[in-house]
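As provided, protein_20.cif (mmCIF, C-alpha atoms and all ligand atoms) reads as follows.
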```
data_data
loop_
_atom_site.group_PDB
_atom_site.id
_atom_site.type_symbol
_atom_site.label_atom_id
_atom_site.label_comp_id
_atom_site.auth_asym_id
_atom_site.auth_seq_id
_atom_site.Cartn_x
_atom_site.Cartn_y
_atom_site.Cartn_z
ATOM 1 C CA MET A 977 106.295 87.773 78.972
ATOM 2 C CA SER A 978 104.035 90.689 79.677
ATOM 3 C CA VAL A 979 102.516 92.759 76.835
ATOM 4 C CA PRO A 980 105.195 94.929 75.120
ATOM 5 C CA PHE A 981 104.872 98.636 75.843
ATOM 6 C CA ASP A 982 104.046 99.522 72.237
ATOM 7 C CA GLN A 983 101.080 97.117 72.367
ATOM 8 C CA LEU A 984 99.245 98.437 75.425
ATOM 9 C CA ASP A 985 95.723 99.809 75.115
ATOM 10 C CA GLY A 986 94.425 103.325 75.410
ATOM 11 C CA GLU A 987 95.738 106.616 74.103
ATOM 12 C CA ILE A 988 98.955 108.612 74.033
ATOM 13 C CA TRP A 989 99.002 112.391 73.847
ATOM 14 C CA MET A 990 101.435 113.440 71.113
ATOM 15 C CA ASN A 991 102.041 116.959 69.830
ATOM 16 C CA GLY A 992 98.622 118.172 70.904
ATOM 17 C CA GLU A 993 96.520 115.167 69.875
ATOM 18 C CA PHE A 994 95.237 112.053 71.605
ATOM 19 C CA LEU A 995 96.358 109.123 69.415
ATOM 20 C CA PRO A 996 95.475 105.444 69.721
ATOM 21 C CA TRP A 997 98.325 103.944 71.818
ATOM 22 C CA LYS A 998 99.685 101.764 68.980
ATOM 23 C CA ASP A 999 99.844 104.722 66.546
ATOM 24 C CA ALA A 1000 102.138 106.948 68.636
ATOM 25 C CA LYS A 1001 105.256 106.262 66.526
ATOM 26 C CA VAL A 1002 108.484 107.994 65.466
ATOM 27 C CA HIS A 1003 110.645 107.466 62.381
ATOM 28 C CA VAL A 1004 113.912 105.519 62.658
ATOM 29 C CA LEU A 1005 115.820 108.671 61.619
ATOM 30 C CA THR A 1006 114.777 110.584 64.717
ATOM 31 C CA HIS A 1007 117.466 112.845 66.154
ATOM 32 C CA GLY A 1008 116.449 111.953 69.701
ATOM 33 C CA LEU A 1009 117.191 108.279 68.990
ATOM 34 C CA HIS A 1010 120.567 108.824 67.295
ATOM 35 C CA TYR A 1011 121.966 111.652 69.419
ATOM 36 C CA ALA A 1012 119.964 111.379 72.671
ATOM 37 C CA SER A 1013 118.456 114.835 72.175
ATOM 38 C CA ALA A 1014 115.563 113.942 74.445
ATOM 39 C CA VAL A 1015 114.410 114.860 77.943
ATOM 40 C CA PHE A 1016 111.726 113.170 79.988
ATOM 41 C CA GLU A 1017 109.938 113.007 83.331
ATOM 42 C CA GLY A 1018 108.677 110.234 85.566
ATOM 43 C CA GLU A 1019 105.534 111.120 87.530
ATOM 44 C CA ARG A 1020 103.011 109.208 89.574
ATOM 45 C CA ALA A 1021 99.300 109.730 89.984
ATOM 46 C CA TYR A 1022 97.731 108.783 93.304
ATOM 47 C CA GLY A 1023 93.973 108.790 93.758
ATOM 48 C CA GLY A 1024 93.525 110.422 90.359
ATOM 49 C CA GLU A 1025 95.994 113.304 90.966
ATOM 50 C CA VAL A 1026 99.557 113.567 89.699
ATOM 51 C CA PHE A 1027 101.804 114.294 92.679
ATOM 52 C CA LYS A 1028 103.619 117.631 92.220
ATOM 53 C CA LEU A 1029 102.649 117.763 88.538
ATOM 54 C CA ARG A 1030 103.669 121.394 88.063
ATOM 55 C CA GLU A 1031 107.161 120.779 89.504
ATOM 56 C CA HIS A 1032 107.676 117.869 87.105
ATOM 57 C CA THR A 1033 106.405 119.893 84.130
ATOM 58 C CA GLU A 1034 108.680 122.795 85.005
ATOM 59 C CA ARG A 1035 111.636 120.411 85.293
ATOM 60 C CA LEU A 1036 110.780 118.955 81.861
ATOM 61 C CA ILE A 1037 110.756 122.421 80.306
ATOM 62 C CA GLU A 1038 113.995 123.332 82.098
ATOM 63 C CA SER A 1039 115.646 120.039 81.001
ATOM 64 C CA GLY A 1040 114.863 120.943 77.381
ATOM 65 C CA ARG A 1041 116.191 124.466 77.859
ATOM 66 C CA ILE A 1042 119.468 123.034 79.183
ATOM 67 C CA LEU A 1043 119.708 120.883 76.030
ATOM 68 C CA GLY A 1044 119.145 123.984 73.914
ATOM 69 C CA PHE A 1045 115.512 123.639 72.934
ATOM 70 C CA GLN A 1046 112.205 125.136 73.925
ATOM 71 C CA LEU A 1047 109.161 122.947 74.292
ATOM 72 C CA PRO A 1048 106.372 124.101 71.946
ATOM 73 C CA PHE A 1049 103.797 123.786 74.764
ATOM 74 C CA SER A 1050 103.422 125.834 77.926
ATOM 75 C CA ALA A 1051 103.414 124.327 81.423
ATOM 76 C CA ASP A 1052 99.641 124.957 81.566
ATOM 77 C CA GLU A 1053 99.096 123.125 78.273
ATOM 78 C CA ILE A 1054 101.220 120.158 79.371
ATOM 79 C CA ASP A 1055 99.457 119.945 82.746
ATOM 80 C CA THR A 1056 96.038 120.115 81.074
ATOM 81 C CA ALA A 1057 97.026 117.389 78.593
ATOM 82 C CA THR A 1058 98.354 115.207 81.448
ATOM 83 C CA ASN A 1059 95.187 115.560 83.522
ATOM 84 C CA GLU A 1060 92.954 114.935 80.502
ATOM 85 C CA LEU A 1061 94.971 111.849 79.491
ATOM 86 C CA LEU A 1062 94.821 110.467 83.031
ATOM 87 C CA ARG A 1063 91.056 110.867 82.940
ATOM 88 C CA ARG A 1064 90.768 109.283 79.473
ATOM 89 C CA GLN A 1065 92.990 106.358 80.498
ATOM 90 C CA GLY A 1066 90.675 105.861 83.467
ATOM 91 C CA PHE A 1067 93.430 105.201 86.017
ATOM 92 C CA SER A 1068 93.459 106.403 89.586
ATOM 93 C CA ASP A 1069 97.007 105.260 90.461
ATOM 94 C CA ALA A 1070 99.397 105.315 87.514
ATOM 95 C CA TYR A 1071 102.832 106.213 86.184
ATOM 96 C CA VAL A 1072 103.104 109.218 83.872
ATOM 97 C CA ARG A 1073 105.868 109.576 81.273
ATOM 98 C CA PRO A 1074 106.178 112.870 79.377
ATOM 99 C CA ILE A 1075 109.026 113.078 76.837
ATOM 100 C CA ALA A 1076 110.304 115.791 74.493
ATOM 101 C CA TRP A 1077 112.716 115.113 71.630
ATOM 102 C CA ARG A 1078 114.211 116.506 68.448
ATOM 103 C CA GLY A 1079 112.515 115.054 65.368
ATOM 104 C CA SER A 1080 113.677 113.766 61.980
ATOM 105 C CA GLU A 1081 113.851 116.854 59.717
ATOM 106 C CA MET A 1082 117.677 116.950 59.777
ATOM 107 C CA MET A 1083 120.205 114.219 60.521
ATOM 108 C CA GLY A 1084 123.605 115.007 61.995
ATOM 109 C CA VAL A 1085 124.989 116.383 65.212
ATOM 110 C CA ALA A 1086 123.560 119.797 64.315
ATOM 111 C CA ALA A 1087 119.794 119.748 63.949
ATOM 112 C CA GLN A 1088 118.870 123.371 64.430
ATOM 113 C CA LYS A 1089 115.618 123.135 62.445
ATOM 114 C CA ASN A 1090 114.280 119.904 63.849
ATOM 115 C CA ARG A 1091 110.813 119.990 65.276
ATOM 116 C CA ILE A 1092 110.597 119.580 69.061
ATOM 117 C CA ASN A 1093 108.071 116.844 69.711
ATOM 118 C CA VAL A 1094 106.285 116.220 72.983
ATOM 119 C CA ALA A 1095 104.381 113.128 74.058
ATOM 120 C CA ILE A 1096 102.789 111.861 77.261
ATOM 121 C CA ALA A 1097 102.012 108.223 78.063
ATOM 122 C CA ILE A 1098 100.298 106.907 81.194
ATOM 123 C CA TRP A 1099 100.286 103.305 82.341
ATOM 124 C CA GLN A 1100 99.782 101.245 85.455
ATOM 125 C CA TRP A 1101 103.018 100.454 87.265
ATOM 126 C CA PRO A 1102 102.507 99.430 90.885
ATOM 127 C CA SER A 1103 106.047 98.963 92.220
ATOM 128 C CA TYR A 1104 109.502 99.781 90.856
ATOM 129 C CA PHE A 1105 111.135 97.047 92.927
ATOM 130 C CA ASP A 1106 109.801 93.582 93.733
ATOM 131 C CA PRO A 1107 107.042 94.347 96.298
ATOM 132 C CA GLU A 1108 107.977 91.321 98.449
ATOM 133 C CA GLN A 1109 111.614 92.393 98.707
ATOM 134 C CA ARG A 1110 110.808 96.062 99.093
ATOM 135 C CA MET A 1111 110.107 96.388 102.826
ATOM 136 C CA LYS A 1112 112.848 93.899 103.742
ATOM 137 C CA GLY A 1113 115.258 96.165 101.927
ATOM 138 C CA ILE A 1114 116.644 95.802 98.432
ATOM 139 C CA ARG A 1115 120.252 94.843 97.608
ATOM 140 C CA LEU A 1116 122.518 97.189 95.657
ATOM 141 C CA ASP A 1117 125.811 96.495 93.942
ATOM 142 C CA LEU A 1118 128.461 99.161 93.381
ATOM 143 C CA ALA A 1119 128.303 100.491 89.797
ATOM 144 C CA GLU A 1120 131.309 100.537 87.522
ATOM 145 C CA TYR A 1121 130.386 103.953 86.053
ATOM 146 C CA ARG A 1122 130.320 107.224 87.944
ATOM 147 C CA ARG A 1123 128.032 110.261 87.749
ATOM 148 C CA PRO A 1124 129.831 112.752 85.531
ATOM 149 C CA ASP A 1125 131.335 116.086 86.534
ATOM 150 C CA PRO A 1126 128.803 118.883 85.738
ATOM 151 C CA MET A 1127 131.588 120.261 83.489
ATOM 152 C CA THR A 1128 131.286 117.046 81.426
ATOM 153 C CA ALA A 1129 127.522 116.598 81.117
ATOM 154 C CA PRO A 1130 124.361 118.653 81.801
ATOM 155 C CA SER A 1131 123.698 116.957 85.132
ATOM 156 C CA LYS A 1132 120.741 119.185 86.100
ATOM 157 C CA SER A 1133 118.760 118.025 83.052
ATOM 158 C CA LYS A 1134 116.716 114.830 83.132
ATOM 159 C CA ALA A 1135 118.229 114.045 79.753
ATOM 160 C CA ALA A 1136 117.901 110.643 78.110
ATOM 161 C CA GLY A 1137 121.653 110.530 77.377
ATOM 162 C CA LEU A 1138 122.530 110.558 81.068
ATOM 163 C CA TYR A 1139 120.663 107.248 81.460
ATOM 164 C CA MET A 1140 123.056 105.303 79.214
ATOM 165 C CA ILE A 1141 125.397 104.622 82.159
ATOM 166 C CA CYS A 1142 122.399 103.939 84.408
ATOM 167 C CA THR A 1143 121.071 101.150 82.191
ATOM 168 C CA ILE A 1144 124.545 99.605 81.848
ATOM 169 C CA SER A 1145 124.989 99.742 85.633
ATOM 170 C CA LYS A 1146 121.521 98.425 86.477
ATOM 171 C CA HIS A 1147 121.825 95.563 83.965
ATOM 172 C CA ALA A 1148 125.220 94.580 85.398
ATOM 173 C CA ALA A 1149 123.800 94.646 88.947
ATOM 174 C CA GLU A 1150 120.731 92.594 87.988
ATOM 175 C CA ALA A 1151 122.951 90.030 86.250
ATOM 176 C CA LYS A 1152 124.619 89.502 89.654
ATOM 177 C CA GLY A 1153 121.273 89.166 91.469
ATOM 178 C CA TYR A 1154 121.086 92.716 92.852
ATOM 179 C CA ALA A 1155 118.055 94.993 92.454
ATOM 180 C CA ASP A 1156 120.055 98.090 91.524
ATOM 181 C CA ALA A 1157 123.465 99.765 91.778
ATOM 182 C CA LEU A 1158 124.924 102.608 93.815
ATOM 183 C CA MET A 1159 126.780 105.071 91.622
ATOM 184 C CA LEU A 1160 129.660 107.133 92.962
ATOM 185 C CA ASP A 1161 130.322 110.532 91.428
ATOM 186 C CA TRP A 1162 133.342 111.683 89.423
ATOM 187 C CA ARG A 1163 135.141 112.530 92.715
ATOM 188 C CA GLY A 1164 134.527 109.075 94.203
ATOM 189 C CA GLN A 1165 131.803 110.338 96.565
ATOM 190 C CA VAL A 1166 128.528 108.471 97.065
ATOM 191 C CA ALA A 1167 126.014 109.882 94.547
ATOM 192 C CA GLU A 1168 122.754 107.970 93.917
ATOM 193 C CA ALA A 1169 121.228 104.780 92.539
ATOM 194 C CA THR A 1170 120.537 104.444 88.799
ATOM 195 C CA GLY A 1171 117.074 106.026 89.066
ATOM 196 C CA ALA A 1172 116.703 107.223 92.643
ATOM 197 C CA ASN A 1173 118.438 109.350 95.297
ATOM 198 C CA ILE A 1174 120.017 107.811 98.398
ATOM 199 C CA PHE A 1175 119.818 108.513 102.146
ATOM 200 C CA PHE A 1176 121.544 107.068 105.221
ATOM 201 C CA VAL A 1177 120.799 107.143 108.960
ATOM 202 C CA LYS A 1178 123.269 107.295 111.839
ATOM 203 C CA ASP A 1179 122.394 107.964 115.504
ATOM 204 C CA GLY A 1180 118.944 109.316 114.589
ATOM 205 C CA VAL A 1181 120.318 111.782 112.022
ATOM 206 C CA ILE A 1182 119.783 111.534 108.247
ATOM 207 C CA HIS A 1183 122.752 112.012 105.930
ATOM 208 C CA THR A 1184 122.428 112.384 102.163
ATOM 209 C CA PRO A 1185 124.860 113.455 99.437
ATOM 210 C CA LYS A 1186 124.636 117.060 98.233
ATOM 211 C CA ALA A 1187 122.840 117.084 94.874
ATOM 212 C CA ASP A 1188 125.636 118.939 93.075
ATOM 213 C CA CYS A 1189 126.189 116.579 90.134
ATOM 214 C CA PHE A 1190 122.985 114.553 89.930
ATOM 215 C CA LEU A 1191 119.236 115.162 89.910
ATOM 216 C CA ASN A 1192 117.942 116.863 93.062
ATOM 217 C CA GLY A 1193 114.864 114.633 93.027
ATOM 218 C CA ILE A 1194 111.399 115.959 93.735
ATOM 219 C CA THR A 1195 110.938 112.961 96.057
ATOM 220 C CA ARG A 1196 114.320 113.710 97.684
ATOM 221 C CA ARG A 1197 113.170 117.251 98.514
ATOM 222 C CA THR A 1198 109.760 116.012 99.684
ATOM 223 C CA VAL A 1199 111.342 113.431 102.003
ATOM 224 C CA ILE A 1200 113.796 115.992 103.431
ATOM 225 C CA ASP A 1201 110.778 118.197 104.276
ATOM 226 C CA LEU A 1202 108.897 115.268 105.807
ATOM 227 C CA ALA A 1203 111.907 114.345 107.967
ATOM 228 C CA LYS A 1204 112.287 117.946 109.143
ATOM 229 C CA ARG A 1205 108.559 118.070 109.979
ATOM 230 C CA ARG A 1206 109.233 115.048 112.202
ATOM 231 C CA GLY A 1207 112.043 116.968 113.875
ATOM 232 C CA ILE A 1208 114.690 114.686 112.356
ATOM 233 C CA GLU A 1209 117.933 116.449 111.448
ATOM 234 C CA VAL A 1210 118.981 116.102 107.786
ATOM 235 C CA ILE A 1211 122.597 116.758 106.785
ATOM 236 C CA GLU A 1212 123.437 117.197 103.085
ATOM 237 C CA ARG A 1213 127.166 116.639 102.636
ATOM 238 C CA ALA A 1214 129.887 114.767 100.783
ATOM 239 C CA ILE A 1215 129.774 111.087 101.792
ATOM 240 C CA MET A 1216 132.697 108.788 101.023
ATOM 241 C CA PRO A 1217 132.074 105.050 100.443
ATOM 242 C CA GLU A 1218 134.368 104.180 103.392
ATOM 243 C CA GLU A 1219 131.791 105.790 105.682
ATOM 244 C CA LEU A 1220 129.025 103.376 104.714
ATOM 245 C CA SER A 1221 129.953 100.927 107.483
ATOM 246 C CA GLY A 1222 128.998 103.606 110.048
ATOM 247 C CA PHE A 1223 125.364 103.956 108.920
ATOM 248 C CA SER A 1224 122.556 101.826 110.394
ATOM 249 C CA GLU A 1225 119.774 102.484 107.844
ATOM 250 C CA CYS A 1226 119.714 103.275 104.154
ATOM 251 C CA PHE A 1227 116.866 104.064 101.762
ATOM 252 C CA LEU A 1228 116.253 105.292 98.215
ATOM 253 C CA THR A 1229 113.814 107.982 97.094
ATOM 254 C CA GLY A 1230 112.336 108.618 93.666
ATOM 255 C CA THR A 1231 109.015 108.997 91.928
ATOM 256 C CA ALA A 1232 109.176 105.397 90.734
ATOM 257 C CA ALA A 1233 111.002 103.984 93.791
ATOM 258 C CA GLU A 1234 108.991 106.109 96.286
ATOM 259 C CA VAL A 1235 110.767 105.439 99.633
ATOM 260 C CA THR A 1236 112.492 102.051 99.373
ATOM 261 C CA PRO A 1237 114.586 100.576 102.203
ATOM 262 C CA VAL A 1238 118.046 99.200 101.306
ATOM 263 C CA SER A 1239 119.511 96.226 103.183
ATOM 264 C CA GLU A 1240 122.840 95.821 101.381
ATOM 265 C CA ILE A 1241 125.261 97.778 99.239
ATOM 266 C CA ALA A 1242 128.061 95.438 98.083
ATOM 267 C CA ASP A 1243 129.640 94.326 101.402
ATOM 268 C CA TRP A 1244 127.888 96.930 103.585
ATOM 269 C CA ARG A 1245 124.770 95.938 105.572
ATOM 270 C CA PHE A 1246 121.819 98.024 106.794
ATOM 271 C CA ALA A 1247 118.648 97.209 108.700
ATOM 272 C CA PRO A 1248 115.454 99.042 107.701
ATOM 273 C CA GLY A 1249 114.639 100.802 110.992
ATOM 274 C CA ASP A 1250 112.267 103.301 112.598
ATOM 275 C CA ILE A 1251 113.257 106.368 110.589
ATOM 276 C CA THR A 1252 112.957 104.559 107.246
ATOM 277 C CA ARG A 1253 109.612 103.032 108.211
ATOM 278 C CA ARG A 1254 108.255 106.379 109.393
ATOM 279 C CA LEU A 1255 109.276 108.093 106.149
ATOM 280 C CA VAL A 1256 107.775 105.289 104.024
ATOM 281 C CA GLU A 1257 104.506 105.943 105.874
ATOM 282 C CA ASP A 1258 104.764 109.747 105.793
ATOM 283 C CA TYR A 1259 105.493 109.681 102.071
ATOM 284 C CA THR A 1260 102.455 107.464 101.424
ATOM 285 C CA ASN A 1261 100.308 109.931 103.369
ATOM 286 C CA GLU A 1262 101.844 112.907 101.611
ATOM 287 C CA VAL A 1263 101.161 111.620 98.086
ATOM 288 C CA THR A 1264 97.631 110.511 98.895
ATOM 289 C CA PRO A 1265 95.299 113.387 98.036
ATOM 290 C CA LYS A 1266 93.533 115.086 100.934
ATOM 291 C CA ARG A 1267 95.361 113.233 103.679
ATOM 292 C CA ALA A 1268 98.049 115.230 105.409
ATOM 293 C CA ALA A 1269 101.239 113.481 106.454
ATOM 294 C CA ALA A 1270 101.909 112.986 110.170
ATOM 295 C CA GLU A 1271 102.116 116.260 112.079
HETATM 296 C C1 LIG A 1301 118.937 109.257 88.102
HETATM 297 C C2 LIG A 1301 117.806 109.681 88.967
HETATM 298 N N1 LIG A 1301 118.058 110.245 90.153
HETATM 299 C C3 LIG A 1301 117.071 110.627 90.993
HETATM 300 C C4 LIG A 1301 115.755 110.458 90.646
HETATM 301 C C5 LIG A 1301 114.673 110.881 91.598
HETATM 302 O O1 LIG A 1301 113.990 111.978 91.097
HETATM 303 P P1 LIG A 1301 112.463 112.265 91.458
HETATM 304 O O2 LIG A 1301 112.342 112.109 92.926
HETATM 305 O O3 LIG A 1301 112.245 113.657 91.012
HETATM 306 O O4 LIG A 1301 111.654 111.260 90.724
HETATM 307 C C6 LIG A 1301 115.435 109.867 89.432
HETATM 308 C C7 LIG A 1301 114.039 109.674 89.031
HETATM 309 O O5 LIG A 1301 113.486 110.500 88.343
HETATM 310 C C8 LIG A 1301 116.484 109.490 88.564
HETATM 311 O O6 LIG A 1301 116.209 108.920 87.385
#
```
Starting from the file, give its structure as structure tokens.
Ligand SMILES: Cc1ncc(COP(=O)(O)O)c(C=O)c1O
Amino acid sequence: MSVPFDQLDGEIWMNGEFLPWKDAKVHVLTHGLHYASAVFEGERAYGGEVFKLREHTERLIESGRILGFQLPFSADEIDTATNELLRRQGFSDAYVRPIAWRGSEMMGVAAQKNRINVAIAIWQWPSYFDPEQRMKGIRLDLAEYRRPDPMTAPSKSKAAGLYMICTISKHAAEAKGYADALMLDWRGQVAEATGANIFFVKDGVIHTPKADCFLNGITRRTVIDLAKRRGIEVIERAIMPEELSGFSECFLTGTAAEVTPVSEIADWRFAPGDITRRLVEDYTNEVTPKRAAAE
């Protein structure tokens, strides 16, 4: 077993202070724990710089606003704290996890007066999926749960509560030997994996579901731009699961997943091909400071 996350070394930034890692604690009667009143981000630093830090910080603030709370720190303050923590942790390549949550002043569904807490932790996390499997393509199962209708849940917020069905789905997939699960949406259309967006390739054209009920990932938007820079057409549209047999390549995108080829989804098969490989490379170039992606 590796070291538990609450026992790592270093510091965590919490509510304006740098605390020793092991002291960054919350009480058991924390609203965020009981009622999922928490929002978070997943960011990666490459070569000592957090990729698209401001976009992530703005999404964090917006996620809180959607849940009805305002973060007590500005985007500038959060960015400064992130950069300072990255420097203090001494990492060049790392994963960054900011989180904001309602505290423990009141318990109950209503918690109007609860303090909004903010913390940032940074640790080393090389690959989201098994590095050996990654370039061969990972295997996905089909999830039992579906992404909810935006009328049912605040789907534009990176809210902790929305991850309940993701953990259930990913655990069920892993128990069957898969790396992850493809989630359909409430209409039965292809949506995304449990922590990453999904893309397909057919006849040299990229197809990806419209992000109308799930997170429009920062990596998703970056990869769409990279593909367009390559002159590859990208179509955002409703994709039904029956269509999956017509696609030749499939890949996931996300801050943690980066660009990860997919070889199987349930009974459908894909072969990581030229377009996937090119985008894996372009994305690596894009996130690496001071090296432009392919023209
Ligand atoms: C459910 C879900 N979808 C998509 C993404 C991809 O988003 P991004 O590329 O902004 O990391 C993530 C990761 O944050 C996620 O958790």
Put the listed atoms of region 1085-1090 of chain A in a box along x, y and z with 8 Å added on every side and give me the centre and edge lengths in Å to one decimal, as lines of an AutoDock Vina configuration file.
```
center_x = 119.6
center_y = 119.9
center_z = 63.8
size_x = 26.7
size_y = 23.0
size_z = 18.8
```
Discussion item. Could you list, as a PyMOL selection string, every residue within 9 Å of region 1113-1115 of chain A, counting all atoms listed in the file and ignoring same-chain residues fewer than 5 positions away?
Written reply: chain A and resi 1105-1106+1153-1157+1226-1227+1236-1242+1246-1248
Worksheet item: Can you list what the PyMOL selection byres (((chain A and resi 1008) around 12) and not hetatm) grabs from this structure, as a ChimeraX atom specification?
Response: /A:1002-1007,1009-1016,1040,1043,1075-1087,1090-1094,1135-1137
Residues of chain A that have any atom at most 9 Å from an atom of ligand LIG 1301 (chain A): could you tabulate them with the shortest-distance atom pair and the distance in Å to one decimal, using all atoms listed in the file, ordered by chain and increasing number, as a Markdown table?
```
| residue | atom | partner | partner_atom | distance |
| --- | --- | --- | --- | --- |
| A:Phe1016 | CA | A:LIG1301 | O5 | 8.9 |
| A:Glu1017 | CA | A:LIG1301 | O5 | 6.6 |
| A:Gly1018 | CA | A:LIG1301 | O5 | 5.6 |
| A:Glu1019 | CA | A:LIG1301 | O4 | 6.9 |
| A:Arg1020 | CA | A:LIG1301 | O4 | 9.0 |
| A:Glu1031 | CA | A:LIG1301 | O3 | 8.9 |
| A:His1032 | CA | A:LIG1301 | O3 | 7.3 |
| A:Arg1035 | CA | A:LIG1301 | O3 | 8.9 |
| A:Lys1134 | CA | A:LIG1301 | O6 | 7.3 |
| A:Leu1138 | CA | A:LIG1301 | C1 | 8.0 |
| A:Tyr1139 | CA | A:LIG1301 | C1 | 7.2 |
| A:Cys1142 | CA | A:LIG1301 | C1 | 7.3 |
| A:Glu1168 | CA | A:LIG1301 | N1 | 6.4 |
| A:Ala1169 | CA | A:LIG1301 | C1 | 6.7 |
| A:Thr1170 | CA | A:LIG1301 | C1 | 5.1 |
| A:Gly1171 | CA | A:LIG1301 | O6 | 3.5 |
| A:Ala1172 | CA | A:LIG1301 | C3 | 3.8 |
| A:Asn1173 | CA | A:LIG1301 | C3 | 4.7 |
| A:Ile1174 | CA | A:LIG1301 | C3 | 8.5 |
| A:Phe1190 | CA | A:LIG1301 | N1 | 6.5 |
| A:Leu1191 | CA | A:LIG1301 | N1 | 5.1 |
| A:Asn1192 | CA | A:LIG1301 | O1 | 6.6 |
| A:Gly1193 | CA | A:LIG1301 | O1 | 3.4 |
| A:Ile1194 | CA | A:LIG1301 | O3 | 3.7 |
| A:Thr1195 | CA | A:LIG1301 | O2 | 3.5 |
| A:Arg1196 | CA | A:LIG1301 | O2 | 5.4 |
| A:Arg1197 | CA | A:LIG1301 | O2 | 7.6 |
| A:Thr1198 | CA | A:LIG1301 | O2 | 8.2 |
| A:Leu1228 | CA | A:LIG1301 | C5 | 8.8 |
| A:Thr1229 | CA | A:LIG1301 | O2 | 6.0 |
| A:Gly1230 | CA | A:LIG1301 | O2 | 3.6 |
| A:Thr1231 | CA | A:LIG1301 | O4 | 3.7 |
| A:Ala1232 | CA | A:LIG1301 | O4 | 6.4 |
| A:Ala1233 | CA | A:LIG1301 | O4 | 7.9 |
| A:Glu1234 | CA | A:LIG1301 | O2 | 7.6 |
```
Save the residues we just selected, C-alpha atoms, as a compact mmCIF listing (two decimals), in the frame of the given file?
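And here is the file that came out, part.txt:
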```txt
# COMPACT_ATOMS: atom_id res chain seq x y z
CA PHE A 1016 111.73 113.17 79.99
CA GLU A 1017 109.94 113.01 83.33
CA GLY A 1018 108.68 110.23 85.57
CA GLU A 1019 105.53 111.12 87.53
CA ARG A 1020 103.01 109.21 89.57
CA GLU A 1031 107.16 120.78 89.50
CA HIS A 1032 107.68 117.87 87.10
CA ARG A 1035 111.64 120.41 85.29
CA LYS A 1134 116.72 114.83 83.13
CA LEU A 1138 122.53 110.56 81.07
CA TYR A 1139 120.66 107.25 81.46
CA CYS A 1142 122.40 103.94 84.41
CA GLU A 1168 122.75 107.97 93.92
CA ALA A 1169 121.23 104.78 92.54
CA THR A 1170 120.54 104.44 88.80
CA GLY A 1171 117.07 106.03 89.07
CA ALA A 1172 116.70 107.22 92.64
CA ASN A 1173 118.44 109.35 95.30
CA ILE A 1174 120.02 107.81 98.40
CA PHE A 1190 122.98 114.55 89.93
CA LEU A 1191 119.24 115.16 89.91
CA ASN A 1192 117.94 116.86 93.06
CA GLY A 1193 114.86 114.63 93.03
CA ILE A 1194 111.40 115.96 93.74
CA THR A 1195 110.94 112.96 96.06
CA ARG A 1196 114.32 113.71 97.68
CA ARG A 1197 113.17 117.25 98.51
CA THR A 1198 109.76 116.01 99.68
CA LEU A 1228 116.25 105.29 98.22
CA THR A 1229 113.81 107.98 97.09
CA GLY A 1230 112.34 108.62 93.67
CA THR A 1231 109.02 109.00 91.93
CA ALA A 1232 109.18 105.40 90.73
CA ALA A 1233 111.00 103.98 93.79
CA GLU A 1234 108.99 106.11 96.29
```
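Distances from A:Pro980, A:Gly992, A:Gly1180, A:Pro1107 to Thr1056 (chain A) were compared using only C-alpha atoms, and the smallest one belongs to A:Gly992.
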